[in-house]
Amino acid sequence: MKRRTWLTRAVAGGTALALSLALAACGGDSGGGEDGEIRILVYGDATNKAETKLVETFNRTSDVKAVLDTIPGADYQAKLQTIINSKQAPDVFFNWGGGSIQPFVKAGLLMPLDDLIAKDPALKSSFLPSVFDTAVVDGKPYGIPMRGTQPVLLFHNKKVLADAGVSVPTTWDELLDAVAKLKAKGVTPIALGGGDKWPTQMWFQYVYDRVAGPELFKRAVSGDASAWDGPDSRKALETLRQLIDAGSFGTNFDSVKFTDDGSPTLLARGKAGFELMGSWAYSTHQELDPEFAEKGLGYSAFPAVPGGKGDPANIVGNTNNFYSVLKNTKHPEAVAEFLKLQYSDEFVKEHLALGNLPTTTNTPKFLDTSANPEYAKFQFGLVEKAPAFQLSWDQAYPPAAMTPLHRAVQEFFNGSIDADGFIKAMQALPKP
């Protein structure tokens, strides 16, 4: 995944131009594209290859042309907040559903998609219901799935594990044993992009699920702050502390990032044994080192925690990403036609080629065309069988909670706060 220094603009024909936008909010002016254009804003990463091709497909037959804008992943959320109510606001934009769009809905900035779905029911029926519903707010749909489901997996370097005599862990005790063996070999057991903070959060999501089950977080994100201060919550924190204190993440994880390829490079070059990351890690490795992605990268489900309340088949991550539509778009008909591409056969094949797993009902018939069919089928099986799929904490909560949430997980990991401090911080998060 290459970081883009500037916001880039991909236009018909695939030409990329550097586009520096004035990102100061201008208050109240409707945004969207120029006459004859719709602007599509997405998170900048390796998946933009598929989005560029779909824009080109759309532009071959549409009089209104789509323009694809990207913002580097590390900057996306902050800059989206700045431009969403300005002259630079897009017609259609990438998001995570859930809490990530609630403030925009409350501010009256987004278009409910009921009318578009009434005209084209496939905009809803073509997607798995559990995924589509993530972007339903107050009973109305505000997003169409536009990438792939993104469960968090435990990735590993096959050679590093083999050299240390380590098997893929299926239980928490086996993971701790693997940590000890990798340390003895002089390898950082687990790569962690702690500088980004959200990769650290993934460890909390899974351990809380395995120890307490999904109900604790459901209560918390629904506004019951007392859920954070109970025996299950404290047990989850004790379990995490055990892993941290074992030296699992080395000593400089807060200076490493995923977004600048730091942590995936540690894994690919044999400097680390494991990395807990969203399924997009495959496309990142495919771009950085195709040979390692094909032959050296392994993956597995998160280990079970004996005695925990969570089903070992539960998964966490992003159910999908979504396209939401600016209420004041000048070209709603063109936007509707563009959204139809998100359940097309072309969409499915382009994303499978990148290692992504679309959540359309036609996905299963194309799994063998994936960049890695085994990987695609593994993910599909996890998602299909999961009793619970917990949305990433920083996407389930509203955007105002992201900074204090990330600060809390980072400070607990580096020892700046203890369990009481973490619980207090989580109880103080802005309510949905």
# chains A, B, ... in the order shown; residues from 1 in each chain; ligands from 1

call {"tool": "closest_atom_pairs", "arguments": {"of": "range 275-376 of chain A", "to": "range 37-41 of chain A", "cutoff": "10 Å", "atoms": "only C-alpha atoms", "output": "Markdown table"}}
result
| residue | atom | partner | partner_atom | distance |
| --- | --- | --- | --- | --- |
| A:Tyr323 | CA | A:Ile40 | CA | 8.7 |
| A:Ser324 | CA | A:Ile40 | CA | 9.8 |
| A:Val325 | CA | A:Ile40 | CA | 9.4 |
| A:Thr329 | CA | A:Ile38 | CA | 8.0 |
| A:Lys330 | CA | A:Ile38 | CA | 8.0 |
| A:His331 | CA | A:Ile38 | CA | 6.9 |
| A:Pro332 | CA | A:Ile38 | CA | 9.1 |
| A:Ala334 | CA | A:Ile38 | CA | 7.7 |
| A:Val335 | CA | A:Ile38 | CA | 7.2 |
| A:Phe338 | CA | A:Ile38 | CA | 9.5 |

call {"tool": "select_by_dssp", "arguments": {"residues": "range 128-158 of chain A", "states": "strand (DSSP E or B)", "output": "list in words"}}
result
Val136, Val137, Lys140, Pro141, Ile144, Pro145, Thr149, Gln150, Pro151, Val152, Leu153, Leu154, Phe155, His156 and Asn157 of chain A

call {"tool": "write_last_selection", "arguments": {"atoms": "N, CA, C and O atoms", "output": "tab-separated table (two decimals), in the first residue's frame"}}
result
chain	number	residue	atom	x	y	z
A	136	VAL	N	-27.61	1.21	7.83
A	136	VAL	CA	-28.98	1.67	8.10
A	136	VAL	C	-28.97	2.48	9.39
A	136	VAL	O	-28.48	2.02	10.43
A	137	VAL	N	-29.46	3.72	9.33
A	137	VAL	CA	-29.50	4.61	10.49
A	137	VAL	C	-30.94	5.05	10.70
A	137	VAL	O	-31.59	5.54	9.77
A	140	LYS	N	-33.44	3.85	8.13
A	140	LYS	CA	-33.30	4.21	6.72
A	140	LYS	C	-31.90	3.85	6.20
A	140	LYS	O	-30.91	4.04	6.90
A	141	PRO	N	-31.82	3.34	4.96
A	141	PRO	CA	-30.52	2.99	4.40
A	141	PRO	C	-29.78	4.23	3.88
A	141	PRO	O	-30.36	5.05	3.17
A	144	ILE	N	-24.44	1.92	0.32
A	144	ILE	CA	-24.40	0.72	-0.52
A	144	ILE	C	-23.02	0.10	-0.37
A	144	ILE	O	-22.01	0.79	-0.53
A	145	PRO	N	-22.92	-1.20	-0.04
A	145	PRO	CA	-21.60	-1.84	0.08
A	145	PRO	C	-20.78	-1.65	-1.19
A	145	PRO	O	-21.31	-1.78	-2.30
A	149	THR	N	-15.98	-7.48	2.40
A	149	THR	CA	-16.00	-7.65	3.85
A	149	THR	C	-14.57	-7.76	4.35
A	149	THR	O	-13.69	-8.27	3.65
A	150	GLN	N	-14.33	-7.25	5.55
A	150	GLN	CA	-12.96	-7.13	6.03
A	150	GLN	C	-12.82	-7.68	7.45
A	150	GLN	O	-12.62	-6.94	8.41
A	151	PRO	N	-12.95	-8.99	7.60
A	151	PRO	CA	-12.69	-9.56	8.92
A	151	PRO	C	-11.23	-9.41	9.29
A	151	PRO	O	-10.36	-9.35	8.42
A	152	VAL	N	-10.96	-9.31	10.57
A	152	VAL	CA	-9.59	-9.24	11.06
A	152	VAL	C	-9.07	-10.66	11.25
A	152	VAL	O	-9.72	-11.50	11.88
A	153	LEU	N	-7.90	-10.93	10.68
A	153	LEU	CA	-7.29	-12.26	10.71
A	153	LEU	C	-5.92	-12.19	11.37
A	153	LEU	O	-5.31	-11.12	11.44
A	154	LEU	N	-5.45	-13.33	11.83
A	154	LEU	CA	-4.10	-13.41	12.36
A	154	LEU	C	-3.18	-13.91	11.25
A	154	LEU	O	-3.20	-15.10	10.89
A	155	PHE	N	-2.40	-13.00	10.68
A	155	PHE	CA	-1.47	-13.34	9.60
A	155	PHE	C	-0.14	-13.81	10.19
A	155	PHE	O	0.23	-13.44	11.31
A	156	HIS	N	0.58	-14.61	9.41
A	156	HIS	CA	1.89	-15.05	9.88
A	156	HIS	C	2.85	-15.27	8.71
A	156	HIS	O	2.43	-15.43	7.56
A	157	ASN	N	4.14	-15.26	9.05
A	157	ASN	CA	5.19	-15.58	8.10
A	157	ASN	C	5.48	-17.07	8.24
A	157	ASN	O	5.95	-17.53	9.28

call {"tool": "closest_residue", "arguments": {"among": "A:Pro404, A:Gly148, A:Gly165, A:Pro399", "to": "Pro103 in chain A", "atoms": "only C-alpha atoms"}}
result
A:Pro399

call {"tool": "closest_atom_pairs", "arguments": {"of": "range 130-245 of chain A", "to": "range 285-305 of chain A", "cutoff": "10 Å", "atoms": "only C-alpha atoms", "output": "CSV"}}
result
residue,atom,partner,partner_atom,distance
A:Pro151,CA,A:Ala301,CA,9.5
A:Val152,CA,A:Ala301,CA,8.2
A:Leu153,CA,A:Ala301,CA,5.6
A:Leu154,CA,A:Ser300,CA,5.3
A:Phe155,CA,A:Tyr299,CA,4.2
A:His156,CA,A:Gly298,CA,4.9
A:Asn157,CA,A:Leu297,CA,5.3
A:Lys158,CA,A:Gly296,CA,5.4
A:Lys159,CA,A:Gly296,CA,6.8
A:Val160,CA,A:Gly296,CA,9.3
A:Leu161,CA,A:Gly298,CA,9.9
A:Val168,CA,A:Ser300,CA,7.4
A:Pro169,CA,A:Pro303,CA,6.3
A:Thr170,CA,A:Pro303,CA,4.4
A:Thr171,CA,A:Pro303,CA,4.5
A:Trp172,CA,A:Val305,CA,5.3
A:Asp173,CA,A:Val305,CA,8.1
A:Glu174,CA,A:Pro303,CA,8.3
A:Leu175,CA,A:Pro303,CA,7.5
A:Trp203,CA,A:Phe302,CA,9.7
A:Tyr206,CA,A:Phe302,CA,7.4
A:Val207,CA,A:Val305,CA,7.9
A:Asp209,CA,A:Val305,CA,9.5
A:Arg210,CA,A:Val305,CA,5.8
A:Val211,CA,A:Val305,CA,6.5
A:Ala236,CA,A:Val305,CA,9.9
A:Thr239,CA,A:Val305,CA,9.1

call {"tool": "atom_distance", "arguments": {"atom1": "CA of Asp120 in chain A", "atom2": "CA of Leu352 in chain A"}}
result
24.7 Å

call {"tool": "select_by_dssp", "arguments": {"residues": "range 140-232 of chain A", "states": "alpha helix (DSSP H)", "output": "number ranges by chain"}}
result
A: 158-163, 172-184, 198-212, 215-221, 231-232

call {"tool": "atom_distance", "arguments": {"atom1": "CA of Lys218 in chain A", "atom2": "CA of Arg234 in chain A"}}
result
16.7 Å

call {"tool": "closest_residue", "arguments": {"among": "A:Glu411, A:Glu384, A:Asp394, A:Glu337", "to": "Trp96 in chain A", "atoms": "only C-alpha atoms"}}
result
A:Asp394

call {"tool": "atom_distance", "arguments": {"atom1": "CA of Gly247 in chain A", "atom2": "CA of Val166 in chain A"}}
result
16.8 Å

call {"tool": "closest_residue", "arguments": {"among": "A:Thr360, A:Tyr43, A:Phe412, A:Phe217", "to": "Leu341 in chain A", "atoms": "only C-alpha atoms"}}
result
A:Thr360

call {"tool": "residues_around", "arguments": {"residues": "Ala74 in chain A", "least_positions_apart": "2", "cutoff": "7 Å", "atoms": "only C-alpha atoms", "output": "list in words"}}
result
Pro72, Tyr76 and Thr259 of chain A

call {"tool": "residues_around", "arguments": {"residues": "Asp196 in chain A", "least_positions_apart": "3", "cutoff": "9 Å", "atoms": "only C-alpha atoms", "output": "ChimeraX atom specification"}}
result
/A:74,193,199-200,254-259,406

call {"tool": "closest_residue", "arguments": {"among": "A:Ala376, A:Ala46, A:Ala388, A:Leu237", "to": "Phe422 in chain A", "atoms": "only C-alpha atoms"}}
result
A:Leu237

call {"tool": "residues_around", "arguments": {"residues": "Phe253 in chain A", "least_positions_apart": "5", "cutoff": "8 Å", "atoms": "only C-alpha atoms", "output": "compact mmCIF listing (two decimals) with N, CA, C and O atoms, in the first residue's frame"}}
result
# COMPACT_ATOMS: atom_id res chain seq x y z
N ALA A 191 4.17 -8.28 14.98
CA ALA A 191 4.31 -6.93 14.44
C ALA A 191 3.06 -6.13 14.80
O ALA A 191 1.94 -6.64 14.72
N LEU A 192 3.25 -4.87 15.19
CA LEU A 192 2.12 -4.03 15.56
C LEU A 192 2.38 -2.60 15.10
O LEU A 192 3.38 -2.00 15.49
N GLY A 193 1.49 -2.09 14.27
CA GLY A 193 1.58 -0.70 13.83
C GLY A 193 0.96 0.23 14.86
O GLY A 193 -0.03 0.91 14.58
N GLY A 194 1.53 0.25 16.05
CA GLY A 194 0.95 1.03 17.14
C GLY A 194 0.91 2.52 16.90
O GLY A 194 0.13 3.22 17.53
N GLY A 195 1.77 3.00 16.00
CA GLY A 195 1.75 4.42 15.69
C GLY A 195 0.44 4.86 15.06
O GLY A 195 0.08 6.05 15.14

call {"tool": "residues_around", "arguments": {"residues": "Pro121 in chain A", "least_positions_apart": "4", "cutoff": "12 Å", "atoms": "only C-alpha atoms", "output": "list in words"}}
result
Leu113, Asp114, Asp115, Leu116, Ile117, Ser125, Ser126, Phe127, Ile144, Ala336, Lys340 and Tyr343 of chain A

call {"tool": "write_last_selection", "arguments": {"atoms": "N, CA and C atoms", "output": "short mmCIF file (atom, residue, chain, number, x, y, z; two decimals), in the first residue's frame"}}
result
data_model
loop_
_atom_site.label_atom_id
_atom_site.label_comp_id
_atom_site.auth_asym_id
_atom_site.auth_seq_id
_atom_site.Cartn_x
_atom_site.Cartn_y
_atom_site.Cartn_z
N LEU A 113 -31.59 6.37 0.91
CA LEU A 113 -31.56 5.66 -0.36
C LEU A 113 -32.83 4.88 -0.65
N ASP A 114 -33.90 5.12 0.14
CA ASP A 114 -35.15 4.40 -0.07
C ASP A 114 -35.67 4.52 -1.49
N ASP A 115 -35.69 5.75 -2.02
CA ASP A 115 -36.25 5.97 -3.35
C ASP A 115 -35.43 5.26 -4.42
N LEU A 116 -34.09 5.31 -4.28
CA LEU A 116 -33.24 4.62 -5.27
C LEU A 116 -33.47 3.12 -5.22
N ILE A 117 -33.63 2.59 -4.01
CA ILE A 117 -33.85 1.15 -3.86
C ILE A 117 -35.24 0.76 -4.37
N SER A 125 -31.14 -6.04 -2.44
CA SER A 125 -31.25 -7.50 -2.46
C SER A 125 -30.00 -8.20 -2.96
N SER A 126 -29.10 -7.46 -3.60
CA SER A 126 -27.88 -8.07 -4.14
C SER A 126 -26.78 -8.23 -3.10
N PHE A 127 -27.04 -7.78 -1.86
CA PHE A 127 -26.02 -7.82 -0.81
C PHE A 127 -26.50 -8.65 0.38
N ILE A 144 -24.44 1.92 0.32
CA ILE A 144 -24.40 0.72 -0.52
C ILE A 144 -23.02 0.10 -0.37
N ALA A 336 -27.24 7.02 -9.07
CA ALA A 336 -27.94 5.74 -8.99
C ALA A 336 -27.35 4.74 -9.98
N LYS A 340 -25.18 1.07 -9.14
CA LYS A 340 -25.54 -0.25 -9.67
C LYS A 340 -24.30 -1.10 -10.00
N TYR A 343 -22.80 -4.03 -7.55
CA TYR A 343 -23.20 -5.44 -7.45
C TYR A 343 -23.03 -6.16 -8.79
#

call {"tool": "residues_around", "arguments": {"residues": "Thr284 in chain A", "least_positions_apart": "5", "cutoff": "12 Å", "atoms": "only C-alpha atoms", "output": "ChimeraX atom specification"}}
result
/A:1-3,45-48,258-265,267-268,277-279,289-290,292-293,297,354-356

call {"tool": "write_last_selection", "arguments": {"atoms": "C-alpha atoms", "output": "PDB file, in the first residue's frame"}}
result
ATOM      1  CA  MET A   1       0.000   0.000   0.000  1.00  0.00           C
ATOM      2  CA  LYS A   2       1.675   3.208  -1.154  1.00  0.00           C
ATOM      3  CA  ARG A   3       0.895   6.429   0.642  1.00  0.00           C
ATOM      4  CA  ASP A  45      -4.959   2.372  -0.829  1.00  0.00           C
ATOM      5  CA  ALA A  46      -4.288  -0.609  -3.091  1.00  0.00           C
ATOM      6  CA  THR A  47      -8.008  -1.173  -3.681  1.00  0.00           C
ATOM      7  CA  ASN A  48      -8.189   2.035  -5.726  1.00  0.00           C
ATOM      8  CA  PHE A 258       0.820  -0.033   9.088  1.00  0.00           C
ATOM      9  CA  THR A 259      -0.104   2.943   6.893  1.00  0.00           C
ATOM     10  CA  ASP A 260       3.488   3.541   5.774  1.00  0.00           C
ATOM     11  CA  ASP A 261       4.111  -0.201   5.263  1.00  0.00           C
ATOM     12  CA  GLY A 262       6.180  -0.481   8.445  1.00  0.00           C
ATOM     13  CA  SER A 263       4.476  -3.405  10.177  1.00  0.00           C
ATOM     14  CA  PRO A 264       3.726  -5.442   7.018  1.00  0.00           C
ATOM     15  CA  THR A 265       7.366  -5.057   6.005  1.00  0.00           C
ATOM     16  CA  LEU A 267       6.314  -9.539   8.706  1.00  0.00           C
ATOM     17  CA  ALA A 268       7.355 -10.000   5.076  1.00  0.00           C
ATOM     18  CA  MET A 277      -4.758  -7.151  10.662  1.00  0.00           C
ATOM     19  CA  GLY A 278      -7.829  -6.725   8.506  1.00  0.00           C
ATOM     20  CA  SER A 279      -8.170  -8.911   5.443  1.00  0.00           C
ATOM     21  CA  ASP A 289       6.001  -8.293  -2.369  1.00  0.00           C
ATOM     22  CA  PRO A 290       3.880 -10.525  -4.645  1.00  0.00           C
ATOM     23  CA  PHE A 292       5.717 -13.349  -0.306  1.00  0.00           C
ATOM     24  CA  ALA A 293       1.953 -12.854  -0.655  1.00  0.00           C
ATOM     25  CA  LEU A 297       2.012 -15.362   3.895  1.00  0.00           C
ATOM     26  CA  LEU A 354      -7.096  -7.835  -5.311  1.00  0.00           C
ATOM     27  CA  GLY A 355      -7.784 -10.370  -2.585  1.00  0.00           C
ATOM     28  CA  ASN A 356     -10.927  -8.572  -1.386  1.00  0.00           C
TER      29      ASN A 356
END
